[in-house]
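Have a look at input-v2.cif below; it lists mmCIF, C-alpha atoms.
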```
data_model
#
loop_
_atom_site.group_PDB
_atom_site.id
_atom_site.type_symbol
_atom_site.label_atom_id
_atom_site.label_comp_id
_atom_site.auth_asym_id
_atom_site.auth_seq_id
_atom_site.Cartn_x
_atom_site.Cartn_y
_atom_site.Cartn_z
ATOM 1 C CA TYR S 141 3.987 11.552 4.001
ATOM 2 C CA PRO S 142 4.879 8.391 2.122
ATOM 3 C CA TRP S 143 5.400 6.517 5.380
ATOM 4 C CA LYS S 144 6.647 6.806 8.945
ATOM 5 C CA SER S 145 8.560 3.622 8.237
ATOM 6 C CA TYR S 146 8.068 1.063 5.496
ATOM 7 C CA GLN S 147 6.086 -0.967 8.059
ATOM 8 C CA ASP S 148 3.283 1.397 9.079
ATOM 9 C CA PHE S 149 0.528 -1.129 8.369
ATOM 10 C CA GLY S 150 0.666 -4.772 9.382
ATOM 11 C CA THR S 151 3.340 -7.073 10.642
ATOM 12 C CA GLY S 152 6.033 -9.192 9.105
ATOM 13 C CA ALA S 153 9.395 -10.813 9.627
ATOM 14 C CA TRP S 154 10.766 -7.848 11.577
ATOM 15 C CA GLY S 155 7.832 -7.729 13.962
ATOM 16 C CA HIS S 156 5.171 -5.101 14.437
ATOM 17 C CA SER S 157 6.004 -1.407 14.462
ATOM 18 C CA GLY S 158 2.839 -0.128 12.801
ATOM 19 C CA VAL S 159 0.687 2.873 13.588
ATOM 20 C CA SER S 160 -1.181 1.136 16.419
ATOM 21 C CA GLU S 161 2.094 0.430 18.254
ATOM 22 C CA ARG S 162 2.485 3.065 20.982
ATOM 23 C CA ILE S 163 5.797 4.628 19.885
ATOM 24 C CA THR S 164 4.768 4.836 16.229
ATOM 25 C CA TYR S 165 1.320 6.133 17.189
ATOM 26 C CA ASP S 166 2.891 8.920 19.234
ATOM 27 C CA GLU S 167 5.311 9.820 16.430
ATOM 28 C CA VAL S 168 2.521 9.983 13.832
ATOM 29 C CA ASP S 169 0.410 11.973 16.306
ATOM 30 C CA THR S 170 3.231 14.525 16.553
ATOM 31 C CA ASP S 171 3.681 14.616 12.780
ATOM 32 C CA PHE S 172 -0.059 15.141 12.252
ATOM 33 C CA THR S 173 -0.106 17.859 14.936
ATOM 34 C CA ASN S 174 2.616 19.705 13.039
ATOM 35 C CA MET S 175 0.942 19.184 9.666
ATOM 36 C CA ALA S 176 -2.399 20.490 10.938
ATOM 37 C CA ALA S 177 -0.645 23.512 12.484
ATOM 38 C CA GLU S 178 0.812 24.306 9.045
ATOM 39 C CA GLY S 179 -2.653 24.209 7.470
ATOM 40 C CA ILE S 180 -2.322 20.838 5.776
ATOM 41 C CA LYS S 181 -5.678 19.156 5.225
ATOM 42 C CA VAL S 182 -4.904 16.116 3.068
ATOM 43 C CA VAL S 183 -2.135 13.582 3.681
ATOM 44 C CA LYS S 184 -1.080 10.926 1.166
ATOM 45 C CA TRP S 185 0.140 7.740 2.876
ATOM 46 C CA ARG S 186 1.441 4.481 1.398
ATOM 47 C CA VAL S 187 -0.103 1.258 2.657
ATOM 48 C CA PHE S 188 1.278 -1.955 1.114
ATOM 49 C CA ASN S 189 4.386 -0.561 -0.626
ATOM 50 C CA ASP S 190 6.318 -3.555 -2.016
ATOM 51 C CA GLY S 191 4.246 -6.157 -0.168
ATOM 52 C CA ARG S 192 6.761 -7.045 2.530
ATOM 53 C CA TYR S 193 4.271 -6.358 5.357
ATOM 54 C CA GLY S 194 0.938 -6.827 3.756
ATOM 55 C CA PRO S 195 -1.048 -8.394 2.465
ATOM 56 C CA GLN S 196 0.209 -11.797 3.519
ATOM 57 C CA PHE S 197 1.287 -14.055 0.643
ATOM 58 C CA ASP S 198 1.770 -17.801 0.350
ATOM 59 C CA GLU S 199 4.962 -19.288 -1.059
ATOM 60 C CA HIS S 200 3.583 -19.042 -4.615
ATOM 61 C CA GLY S 201 2.743 -15.334 -4.554
ATOM 62 C CA PHE S 202 -0.990 -15.601 -3.858
ATOM 63 C CA ALA S 203 -2.316 -13.083 -1.336
ATOM 64 C CA THR S 204 -3.963 -14.891 1.565
ATOM 65 C CA GLY S 205 -5.253 -12.057 3.747
ATOM 66 C CA LEU S 206 -4.407 -9.314 6.215
ATOM 67 C CA THR S 207 -3.128 -9.646 9.776
ATOM 68 C CA PRO S 208 -4.981 -8.408 12.874
ATOM 69 C CA GLU S 209 -2.175 -5.872 13.293
ATOM 70 C CA PHE S 210 -2.924 -4.489 9.835
ATOM 71 C CA TYR S 211 -6.541 -3.790 10.787
ATOM 72 C CA ALA S 212 -5.424 -2.184 14.077
ATOM 73 C CA ASP S 213 -2.899 0.007 12.256
ATOM 74 C CA VAL S 214 -5.447 1.243 9.718
ATOM 75 C CA ALA S 215 -7.920 1.985 12.530
ATOM 76 C CA ALA S 216 -5.203 3.942 14.369
ATOM 77 C CA ALA S 217 -4.354 5.930 11.234
ATOM 78 C CA LEU S 218 -8.003 6.835 10.699
ATOM 79 C CA GLU S 219 -8.331 7.773 14.370
ATOM 80 C CA LEU S 220 -5.320 10.098 14.170
ATOM 81 C CA ALA S 221 -6.609 11.679 10.967
ATOM 82 C CA LYS S 222 -9.937 12.393 12.635
ATOM 83 C CA LYS S 223 -8.240 13.744 15.773
ATOM 84 C CA HIS S 224 -6.327 16.296 13.678
ATOM 85 C CA ASP S 225 -9.124 16.938 11.151
ATOM 86 C CA LEU S 226 -6.991 15.575 8.335
ATOM 87 C CA TYR S 227 -8.110 13.560 5.327
ATOM 88 C CA LEU S 228 -6.147 10.693 3.820
ATOM 89 C CA VAL S 229 -5.314 9.588 0.310
ATOM 90 C CA PHE S 230 -4.000 6.050 0.604
ATOM 91 C CA THR S 231 -1.429 4.858 -1.935
ATOM 92 C CA LEU S 232 -1.850 1.108 -2.177
ATOM 93 C CA PHE S 233 1.458 0.004 -3.755
ATOM 94 C CA ASN S 234 4.651 1.139 -5.342
ATOM 95 C CA SER S 235 6.026 -0.570 -8.417
ATOM 96 C CA GLN S 236 8.479 -2.594 -6.320
ATOM 97 C CA ILE S 237 5.639 -5.072 -5.743
ATOM 98 C CA TRP S 238 6.527 -6.397 -9.206
ATOM 99 C CA THR S 239 9.887 -4.840 -10.139
ATOM 100 C CA THR S 240 11.668 -6.526 -7.239
ATOM 101 C CA SER S 241 11.739 -10.239 -6.568
ATOM 102 C CA CYS S 242 14.257 -11.261 -3.954
ATOM 103 C CA VAL S 243 14.599 -12.625 -0.451
ATOM 104 C CA ARG S 244 16.748 -10.898 2.168
ATOM 105 C CA GLN S 245 17.116 -12.227 5.703
ATOM 106 C CA GLY S 246 14.207 -14.560 4.995
ATOM 107 C CA VAL S 247 11.918 -11.704 3.880
ATOM 108 C CA ARG S 248 10.474 -11.587 0.384
ATOM 109 C CA PHE S 249 10.564 -8.222 -1.352
ATOM 110 C CA GLY S 250 8.122 -7.992 -4.230
ATOM 111 C CA TRP S 251 6.872 -10.874 -6.314
ATOM 112 C CA GLY S 252 8.256 -10.009 -9.704
ATOM 113 C CA PRO S 253 6.197 -9.717 -12.879
ATOM 114 C CA VAL S 254 4.024 -12.709 -11.986
ATOM 115 C CA ILE S 255 2.023 -10.586 -9.492
ATOM 116 C CA MET S 256 0.941 -8.286 -12.349
ATOM 117 C CA THR S 257 0.778 -10.622 -15.309
ATOM 118 C CA ASP S 258 -1.037 -13.597 -13.778
ATOM 119 C CA PRO S 259 -4.801 -12.974 -13.504
ATOM 120 C CA ALA S 260 -5.193 -15.546 -10.685
ATOM 121 C CA ARG S 261 -2.567 -13.834 -8.514
ATOM 122 C CA ARG S 262 -4.049 -10.412 -9.272
ATOM 123 C CA ALA S 263 -7.484 -11.707 -8.274
ATOM 124 C CA ALA S 264 -6.121 -13.115 -4.993
ATOM 125 C CA LEU S 265 -4.447 -9.782 -4.254
ATOM 126 C CA LEU S 266 -7.658 -7.920 -4.981
ATOM 127 C CA HIS S 267 -10.009 -10.211 -3.035
ATOM 128 C CA ASN S 268 -7.795 -11.114 -0.071
ATOM 129 C CA GLY S 269 -5.844 -7.892 0.392
ATOM 130 C CA ILE S 270 -7.258 -4.815 -1.268
ATOM 131 C CA GLU S 271 -11.012 -5.324 -0.844
ATOM 132 C CA PRO S 272 -10.873 -6.078 2.918
ATOM 133 C CA PHE S 273 -8.776 -2.918 3.357
ATOM 134 C CA LEU S 274 -11.281 -0.877 1.330
ATOM 135 C CA ARG S 275 -14.234 -2.178 3.360
ATOM 136 C CA LEU S 276 -12.484 -1.176 6.591
ATOM 137 C CA VAL S 277 -11.605 2.305 5.349
ATOM 138 C CA ALA S 278 -15.127 2.853 3.989
ATOM 139 C CA LYS S 279 -16.427 2.913 7.577
ATOM 140 C CA SER S 280 -14.643 6.237 8.106
ATOM 141 C CA ASP S 281 -15.055 9.631 6.461
ATOM 142 C CA ARG S 282 -11.287 10.243 6.594
ATOM 143 C CA ALA S 283 -10.244 8.503 3.356
ATOM 144 C CA VAL S 284 -11.053 10.769 0.427
ATOM 145 C CA GLY S 285 -9.012 9.049 -2.245
ATOM 146 C CA PHE S 286 -6.786 6.202 -3.325
ATOM 147 C CA GLU S 287 -3.728 6.120 -5.540
ATOM 148 C CA VAL S 288 -3.337 2.612 -6.907
ATOM 149 C CA ILE S 289 0.426 2.599 -7.613
ATOM 150 C CA ALA S 290 3.104 5.161 -6.827
ATOM 151 C CA GLU S 291 5.706 5.575 -9.551
ATOM 152 C CA PRO S 292 4.494 2.723 -11.784
ATOM 153 C CA GLU S 293 6.547 3.956 -14.735
ATOM 154 C CA TRP S 294 9.738 2.485 -13.237
ATOM 155 C CA GLY S 295 8.405 -0.996 -13.856
ATOM 156 C CA ILE S 296 6.653 -0.666 -17.211
ATOM 157 C CA ASN S 297 8.395 -1.893 -20.376
ATOM 158 C CA GLU S 298 7.121 0.878 -22.619
ATOM 159 C CA LEU S 299 7.808 3.708 -20.153
ATOM 160 C CA HIS S 300 11.210 2.773 -18.713
ATOM 161 C CA THR S 301 13.315 1.279 -21.463
ATOM 162 C CA GLU S 302 16.701 1.627 -19.763
ATOM 163 C CA GLN S 303 18.265 -1.637 -18.663
ATOM 164 C CA ASP S 304 18.580 -1.826 -14.883
ATOM 165 C CA PHE S 305 17.824 -4.220 -12.018
ATOM 166 C CA ARG S 306 14.053 -3.785 -12.245
ATOM 167 C CA LYS S 307 11.768 -6.479 -13.588
ATOM 168 C CA LYS S 308 9.366 -4.778 -15.974
ATOM 169 C CA VAL S 309 5.916 -5.693 -17.223
ATOM 170 C CA PRO S 310 3.831 -4.601 -20.195
ATOM 171 C CA LEU S 311 1.694 -1.493 -19.830
ATOM 172 C CA THR S 312 -1.390 -3.610 -20.609
ATOM 173 C CA ALA S 313 -0.826 -5.696 -17.449
ATOM 174 C CA VAL S 314 -0.572 -2.637 -15.218
ATOM 175 C CA ARG S 315 -3.635 -1.075 -16.851
ATOM 176 C CA ALA S 316 -5.612 -4.277 -16.245
ATOM 177 C CA PHE S 317 -4.602 -4.284 -12.577
ATOM 178 C CA VAL S 318 -5.388 -0.585 -12.105
ATOM 179 C CA ARG S 319 -8.766 -1.042 -13.796
ATOM 180 C CA GLU S 320 -9.629 -3.927 -11.446
ATOM 181 C CA VAL S 321 -8.553 -1.967 -8.361
ATOM 182 C CA VAL S 322 -10.426 1.181 -9.407
ATOM 183 C CA ARG S 323 -13.596 -0.878 -9.844
ATOM 184 C CA ALA S 324 -13.097 -2.273 -6.332
ATOM 185 C CA ILE S 325 -12.532 1.208 -4.905
ATOM 186 C CA HIS S 326 -15.771 2.477 -6.437
ATOM 187 C CA ALA S 327 -17.696 -0.653 -5.406
ATOM 188 C CA ASN S 328 -16.524 -0.536 -1.780
ATOM 189 C CA THR S 329 -16.008 3.156 -0.957
ATOM 190 C CA LYS S 330 -17.213 6.649 -1.811
ATOM 191 C CA ALA S 331 -13.628 7.866 -2.253
ATOM 192 C CA LEU S 332 -11.888 8.994 -5.407
ATOM 193 C CA ALA S 333 -9.529 6.714 -7.292
#
```
Step by step, read the file and then write its structure as structure tokens.
Amino acid sequence: YPWKSYQDFGTGAWGHSGVSERITYDEVDTDFTNMAAEGIKVVKWRVFNDGRYGPQFDEHGFATGLTPEFYADVAAALELAKKHDLYLVFTLFNSQIWTTSCVRQGVRFGWGPVIMTDPARRAALLHNGIEPFLRLVAKSDRAVGFEVIAEPEWGINELHTEQDFRKKVPLTAVRAFVREVVRAIHANTKALA
């Protein structure tokens, strides 16, 4: 269940359509009803994706925090998981957070390699985006694990050597980021990383 839409958590330039919004809530409720009926117990769900809806970033690519809608959406997701006796594995990002760097209709997609290679931007992302999310999720027993990055290989120099539109970073930068996030997961939750 990668997502209901790419905007399940938080708000952005296209408004709020996250899990706590009534229509989305009802759709996820139906999906979870069907999953539970099929015997599914664990659902993997992407949270920040490419960063277009959360965390919030300033014009220089520094994460500044999470919106009230983001917190409401996470609470709604945890509520629905509990209602259907499902457990969640949250995927924090996909590699588009750094492989893409463009603006469409006034919306920034990704931040390019700088988000991975600059320690100050990584620290802002960790402290102002990831850690507040982890502290919220830790209050529930529904999150059993976290995947740091879905499909990171598409944006790593050593793993995806074909020339294409993606902006790639060294494996060492991604490993440093994953190491920092895993430490935060273990420091703030009892879930697996």
Quick one: which residues end up in the PyMOL selection byres ((chain S and resi 327-330) around 12) for this structure, as a ChimeraX atom specification?
-> /S:266-267,270-286,320-326,331-333
Taking (5.2, 0.4, 10.6) in the file's coordinates, which residues come within 6 Å, counting all atoms listed in the file, written as a list in words?
->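 It turns out the residues near that spot are Ser145, Tyr146, Gln147, Asp148, Phe149, Ser157, Gly158 and Val159 of chain S.
Put simply, the PyMOL selection byres ((chain S and resi 235-250) around 9) on this file hits Gly152, Ala153, Trp154, Phe188, Asn189, Asp190, Gly191, Arg192, Phe233, Asn234, Trp251, Gly252, Pro253, Val254, Ile255, Met256, Ile289, Ala290, Glu291, Pro292, Glu293, Trp294, Gly295, Ile296, Phe305, Arg306, Lys307, Lys308 and Val309 of chain S.
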Å distance separating CA of Pro259 (chain S) from CA of Val214 (chain S), one decimal place =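 Calculated distance between CA of Pro259 (chain S) and CA of Val214 (chain S) is 27.2 Å.
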Can you work out which one of S:Glu302, S:Glu287, S:Asp171, S:Val314 has the shortest atom-to-atom distance to Arg186 (chain S), counting all atoms listed in the file?
->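 The answer is S:Glu287, which sits nearest to Arg186 (chain S).
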Judged by only C-alpha atoms, the minimum distance to Glu209 (chain S) among S:His156, S:His300, S:Lys144, S:Arg262 is found for S:His156
Which one of S:Ser160, S:Gln303, S:Thr257, S:Thr173 sits closest to Ala221 (chain S) if you count all atoms listed in the file?
->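 Smallest distance to Ala221 (chain S) is found for S:Thr173.
Environment of (4.7, 10.0, 0.6): residues at most 8 Å away, judged by only C-alpha atoms, are Tyr141, Pro142, Trp143, Lys184, Trp185 and Arg186 of chain S.
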Check which residues satisfy the PyMOL selection byres ((chain S and resi 201-208) around 6) in the file shown, then give them as a VMD selection string.
-> chain S and resid 195 to 200 209 to 211 261 264 to 265 268 to 269
Nearest to Val229 (chain S) by atom-to-atom distance, counting only C-alpha atoms, from S:Ala177, S:Ala313, S:Val183, S:Ile163 =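 Smallest distance to Val229 (chain S) is found for S:Val183.
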4 Å per side around region 146-149 of chain S: axis-aligned box centre and edge lengths, as JSON:
```
{"center_x": 4.3, "center_y": 0.1, "center_z": 7.3, "size_x": 15.5, "size_y": 10.5, "size_z": 11.6}
```
Interatomic distance between CA of Leu218 (chain S) and CA of Thr231 (chain S)?
-> 14.4 Å
